[in-house]
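Okay, structure first, notes after.
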Amino acid sequence: MRKLIAAIAALALSACGQAEGNKADGGTAEVDAPVGQPTMVLAFGDSLFAGYNLPRSAAYPAQLEQALRQRGMNVRVQNAGVSGDTTSAGRQRLSFVLDSMTVKPDVALVELGANDMLRGLPPAQARQNLDAIMAELDRRDIDIVVMGMKAAPNLGGDYAGEFNAIFPDLADKYDAEIVPFFIEPLIFNRSLVQSDQIHPTADGVKAMVEESVDTIEDALD
């Protein structure tokens with residue numbers, strides 16, 4: 001149990017880096033896809049999307065795009081991950097991100113909340129911010145996929161119960177698809193974590209994509 005607690009707490013820190021840790025942008029991996037206007041997916045989150053200490057091409061949005069294209073889907077995934085973002089910071093920048101896009105996204109992946117939990121911020125505050133983010137996406141007629149997170153067990157049962165309920169509750173409210181625990185593939189396989197024992201490797205990101213791609217494909221369908 002001590003190992004499990006340490007693993008969840010450490011891996012959740014992957015959303016907490018304050019500096020943009022990406023290596024030089026390697027671009028999105030090129031995979032043949034159908035011609036025509038692609039479906040646009042916005043990956044809106046923290047360093048789990050930004051790809052801390054990885055080439056841009058190895059970050060979750062790029063690997064997800066590649067996986068979807070290998071399934072024959074004409075999809076573009078735009079990386080709007082910012083390391084260190086809390087739900088409050090995400091809420092503040094959402095409108096700017098959406099207004100800056102040349103093509104309105106069809107689907108938005110919302111991946112925020114781990115930093116709130118790590119800082120011990122009230123779950124009610126995270127819920128309010130995520131609700132506002134999803135309300136704005138819903139107002140703009142953008143479908144949502146909720147990338148769920150769970151609280152580290154050492155924060156106590158009351159905190160965990162309140163925090164963990166945020167993601168399925170809001171998914172129900174906005175009729176959204178949900179990935180229940182985004183970093184779950186990493187918890188028991190430490191080889192998928194970088195040497196800092198915090199951030200996922202490129203293979204770790206691949207495992208996260210494999211675990212979540214079916215849910216995202218359902219949302220696109």
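Going through the structure tokens in order, the chains are called A, B, and so on, while each chain numbers its residues from 1 and the ligands are numbered from 1 in the order shown.
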
Would you please extract all helix (DSSP H, G or I) residues from range 62-193 of chain A, as assigned by DSSP on the backbone, and give them as an MDAnalysis selection string?
chainID A and resid 62:70 87:100 114:118 123:139 153:155 157:164 166:173 184:186 190:192

Contacts between range 86-102 of chain A and range 112-163 of chain A, please, where a residue of range 112-163 of chain A counts if it comes within 10 Å (with only C-alpha atoms); show its shortest atom pair and distance in Å to one decimal, rows by chain and ascending number, as a tab-separated table.
```
residue	atom	partner	partner_atom	distance
A:Leu112	CA	A:Thr87	CA	5.6
A:Gly113	CA	A:Thr87	CA	5.6
A:Ala114	CA	A:Thr86	CA	7.5
A:Asn115	CA	A:Thr86	CA	5.3
A:Asp116	CA	A:Thr86	CA	5.6
A:Met117	CA	A:Thr86	CA	9.1
A:Leu118	CA	A:Thr86	CA	9.9
A:Arg119	CA	A:Thr86	CA	9.4
A:Leu121	CA	A:Thr86	CA	9.6
A:Gln125	CA	A:Ser88	CA	8.3
A:Ala126	CA	A:Thr87	CA	5.9
A:Arg127	CA	A:Thr87	CA	8.5
A:Gln128	CA	A:Thr87	CA	8.8
A:Asn129	CA	A:Thr87	CA	5.6
A:Leu130	CA	A:Thr87	CA	6.3
A:Asp131	CA	A:Arg91	CA	9.4
A:Ala132	CA	A:Arg91	CA	7.1
A:Ile133	CA	A:Arg91	CA	5.6
A:Met134	CA	A:Arg91	CA	9.4
A:Glu136	CA	A:Ser95	CA	8.2
A:Leu137	CA	A:Leu94	CA	9.0
A:Arg140	CA	A:Leu98	CA	9.4
```

Find the residues around Pro200 in chain A up to 10 Å (only C-alpha atoms counted), leave out those fewer than 5 positions away in its own chain, and share them as an MDAnalysis selection string.
chainID A and resid 11 14 48 51:54 59 183 186 190:195 205:208

So that I have them on file, write out the residues from the current selection with N, CA, C and O atoms, as a PDB file, in the first residue's frame.
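Below you can see part-v7.pdb, which holds the result:
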```pdb
ATOM      1  N   LEU A  11       3.257  10.079  -9.611  1.00  0.00           N
ATOM      2  CA  LEU A  11       2.807  10.190 -10.989  1.00  0.00           C
ATOM      3  C   LEU A  11       1.884  11.372 -11.179  1.00  0.00           C
ATOM      4  O   LEU A  11       1.885  12.020 -12.214  1.00  0.00           O
ATOM      5  N   SER A  14       3.258  14.587 -12.316  1.00  0.00           N
ATOM      6  CA  SER A  14       3.554  14.821 -13.726  1.00  0.00           C
ATOM      7  C   SER A  14       2.753  15.971 -14.291  1.00  0.00           C
ATOM      8  O   SER A  14       3.070  16.511 -15.343  1.00  0.00           O
ATOM      9  N   LEU A  48       0.631  16.641 -18.484  1.00  0.00           N
ATOM     10  CA  LEU A  48       0.341  15.316 -19.015  1.00  0.00           C
ATOM     11  C   LEU A  48      -0.016  15.398 -20.498  1.00  0.00           C
ATOM     12  O   LEU A  48       0.140  14.418 -21.233  1.00  0.00           O
ATOM     13  N   GLY A  51       3.558  17.190 -22.422  1.00  0.00           N
ATOM     14  CA  GLY A  51       4.655  16.281 -22.742  1.00  0.00           C
ATOM     15  C   GLY A  51       5.949  16.692 -22.076  1.00  0.00           C
ATOM     16  O   GLY A  51       6.960  16.920 -22.751  1.00  0.00           O
ATOM     17  N   TYR A  52       5.929  16.782 -20.744  1.00  0.00           N
ATOM     18  CA  TYR A  52       7.087  17.255 -20.004  1.00  0.00           C
ATOM     19  C   TYR A  52       8.346  16.449 -20.341  1.00  0.00           C
ATOM     20  O   TYR A  52       8.368  15.230 -20.264  1.00  0.00           O
ATOM     21  N   ASN A  53       9.404  17.168 -20.767  1.00  0.00           N
ATOM     22  CA  ASN A  53      10.718  16.589 -21.048  1.00  0.00           C
ATOM     23  C   ASN A  53      10.699  15.592 -22.207  1.00  0.00           C
ATOM     24  O   ASN A  53      11.565  14.721 -22.297  1.00  0.00           O
ATOM     25  N   LEU A  54       9.725  15.737 -23.075  1.00  0.00           N
ATOM     26  CA  LEU A  54       9.623  14.878 -24.257  1.00  0.00           C
ATOM     27  C   LEU A  54       9.548  15.741 -25.510  1.00  0.00           C
ATOM     28  O   LEU A  54       9.109  16.888 -25.453  1.00  0.00           O
ATOM     29  N   ALA A  59       4.466  13.626 -27.148  1.00  0.00           N
ATOM     30  CA  ALA A  59       3.457  14.013 -26.167  1.00  0.00           C
ATOM     31  C   ALA A  59       2.137  13.306 -26.469  1.00  0.00           C
ATOM     32  O   ALA A  59       1.906  12.807 -27.571  1.00  0.00           O
ATOM     33  N   ILE A 183      -3.959   8.274 -15.645  1.00  0.00           N
ATOM     34  CA  ILE A 183      -2.594   7.763 -15.474  1.00  0.00           C
ATOM     35  C   ILE A 183      -2.562   6.325 -14.957  1.00  0.00           C
ATOM     36  O   ILE A 183      -1.497   5.809 -14.604  1.00  0.00           O
ATOM     37  N   LEU A 186       0.239   3.682 -15.620  1.00  0.00           N
ATOM     38  CA  LEU A 186       1.585   3.904 -15.094  1.00  0.00           C
ATOM     39  C   LEU A 186       1.764   3.453 -13.648  1.00  0.00           C
ATOM     40  O   LEU A 186       2.899   3.313 -13.190  1.00  0.00           O
ATOM     41  N   ARG A 190       6.665   0.961 -13.278  1.00  0.00           N
ATOM     42  CA  ARG A 190       7.554   2.107 -13.103  1.00  0.00           C
ATOM     43  C   ARG A 190       8.518   2.287 -14.273  1.00  0.00           C
ATOM     44  O   ARG A 190       9.154   3.326 -14.392  1.00  0.00           O
ATOM     45  N   SER A 191       8.639   1.285 -15.150  1.00  0.00           N
ATOM     46  CA  SER A 191       9.486   1.449 -16.327  1.00  0.00           C
ATOM     47  C   SER A 191       8.894   2.457 -17.299  1.00  0.00           C
ATOM     48  O   SER A 191       9.580   2.910 -18.215  1.00  0.00           O
ATOM     49  N   LEU A 192       7.625   2.809 -17.105  1.00  0.00           N
ATOM     50  CA  LEU A 192       6.947   3.764 -17.978  1.00  0.00           C
ATOM     51  C   LEU A 192       7.070   5.201 -17.473  1.00  0.00           C
ATOM     52  O   LEU A 192       6.449   6.107 -18.017  1.00  0.00           O
ATOM     53  N   VAL A 193       7.903   5.383 -16.430  1.00  0.00           N
ATOM     54  CA  VAL A 193       8.091   6.701 -15.829  1.00  0.00           C
ATOM     55  C   VAL A 193       9.539   7.129 -16.017  1.00  0.00           C
ATOM     56  O   VAL A 193      10.457   6.307 -15.985  1.00  0.00           O
ATOM     57  N   GLN A 194       9.745   8.415 -16.248  1.00  0.00           N
ATOM     58  CA  GLN A 194      11.087   8.943 -16.448  1.00  0.00           C
ATOM     59  C   GLN A 194      11.943   8.747 -15.199  1.00  0.00           C
ATOM     60  O   GLN A 194      11.449   8.420 -14.124  1.00  0.00           O
ATOM     61  N   SER A 195      13.240   9.011 -15.339  1.00  0.00           N
ATOM     62  CA  SER A 195      14.177   8.787 -14.241  1.00  0.00           C
ATOM     63  C   SER A 195      13.880   9.648 -13.026  1.00  0.00           C
ATOM     64  O   SER A 195      14.317   9.333 -11.917  1.00  0.00           O
ATOM     65  N   VAL A 205       3.504   7.400 -22.182  1.00  0.00           N
ATOM     66  CA  VAL A 205       2.451   8.113 -22.907  1.00  0.00           C
ATOM     67  C   VAL A 205       1.731   7.161 -23.852  1.00  0.00           C
ATOM     68  O   VAL A 205       0.494   7.182 -23.960  1.00  0.00           O
ATOM     69  N   LYS A 206       2.490   6.307 -24.517  1.00  0.00           N
ATOM     70  CA  LYS A 206       1.880   5.328 -25.429  1.00  0.00           C
ATOM     71  C   LYS A 206       0.892   4.440 -24.685  1.00  0.00           C
ATOM     72  O   LYS A 206      -0.203   4.151 -25.184  1.00  0.00           O
ATOM     73  N   ALA A 207       1.256   4.009 -23.483  1.00  0.00           N
ATOM     74  CA  ALA A 207       0.351   3.177 -22.691  1.00  0.00           C
ATOM     75  C   ALA A 207      -0.914   3.937 -22.323  1.00  0.00           C
ATOM     76  O   ALA A 207      -2.017   3.382 -22.306  1.00  0.00           O
ATOM     77  N   MET A 208      -0.770   5.224 -22.019  1.00  0.00           N
ATOM     78  CA  MET A 208      -1.934   6.043 -21.702  1.00  0.00           C
ATOM     79  C   MET A 208      -2.838   6.202 -22.926  1.00  0.00           C
ATOM     80  O   MET A 208      -4.070   6.188 -22.810  1.00  0.00           O
TER      81      MET A 208
END
```

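Closest approach to Val41 in chain A among A:Leu64, A:Val77, A:Val209, A:Ala135: A:Val77, based on only C-alpha atoms.
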
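Note that the spacing between CA of Leu109 in chain A and CA of Ala62 in chain A amounts to 13.3 Å.
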
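Taking CA of Gly84 in chain A as the reference point, CA of Ala43 in chain A is found at 15.2 Å.
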
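Among the candidates A:Val82, A:Leu42, A:Ala165, A:Ala219, the one nearest to Pro105 in chain A when counting only C-alpha atoms is A:Leu42.
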
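Among the candidate residues A:Val213, A:Glu111, A:Glu162, A:Phe182, the one lying nearest to Met73 in chain A is A:Val213, with distances computed using only C-alpha atoms.
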
Might you pull out every residue within 7 Å of range 106-108 of chain A, with only C-alpha atoms counted and same-chain residues fewer than 5 positions away left off, and present them as a VMD selection string?
chain A and resid 39 to 44 142 to 145

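Considering only range 21-221 of chain A, backbone DSSP assigns strand (DSSP E) to Thr39, Met40, Val41, Leu42, Ala43, Phe44, Gly45, Val75, Arg76, Val77, Gln78, Asn79, Ala80, Gly81, Val107, Ala108, Leu109, Val110, Glu111, Asp143, Ile144, Val145, Val146, Met147, Glu177, Ile178 and Val179 of chain A.
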
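Proximity ranking of A:Pro168, A:Pro180, A:Pro38, A:Gly161 relative to Val103 in chain A places A:Pro38 first, based on only C-alpha atoms.
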
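Here CA of Arg71 in chain A stands at a distance of 20.2 Å from CA of Ile178 in chain A.
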
Just want the 7 Å neighbourhood of Ala151 in chain A, counted on only C-alpha atoms, with same-chain residues fewer than 3 positions away dropped. Output as a PyMOL selection string.
chain A and resi 117+160+163-164
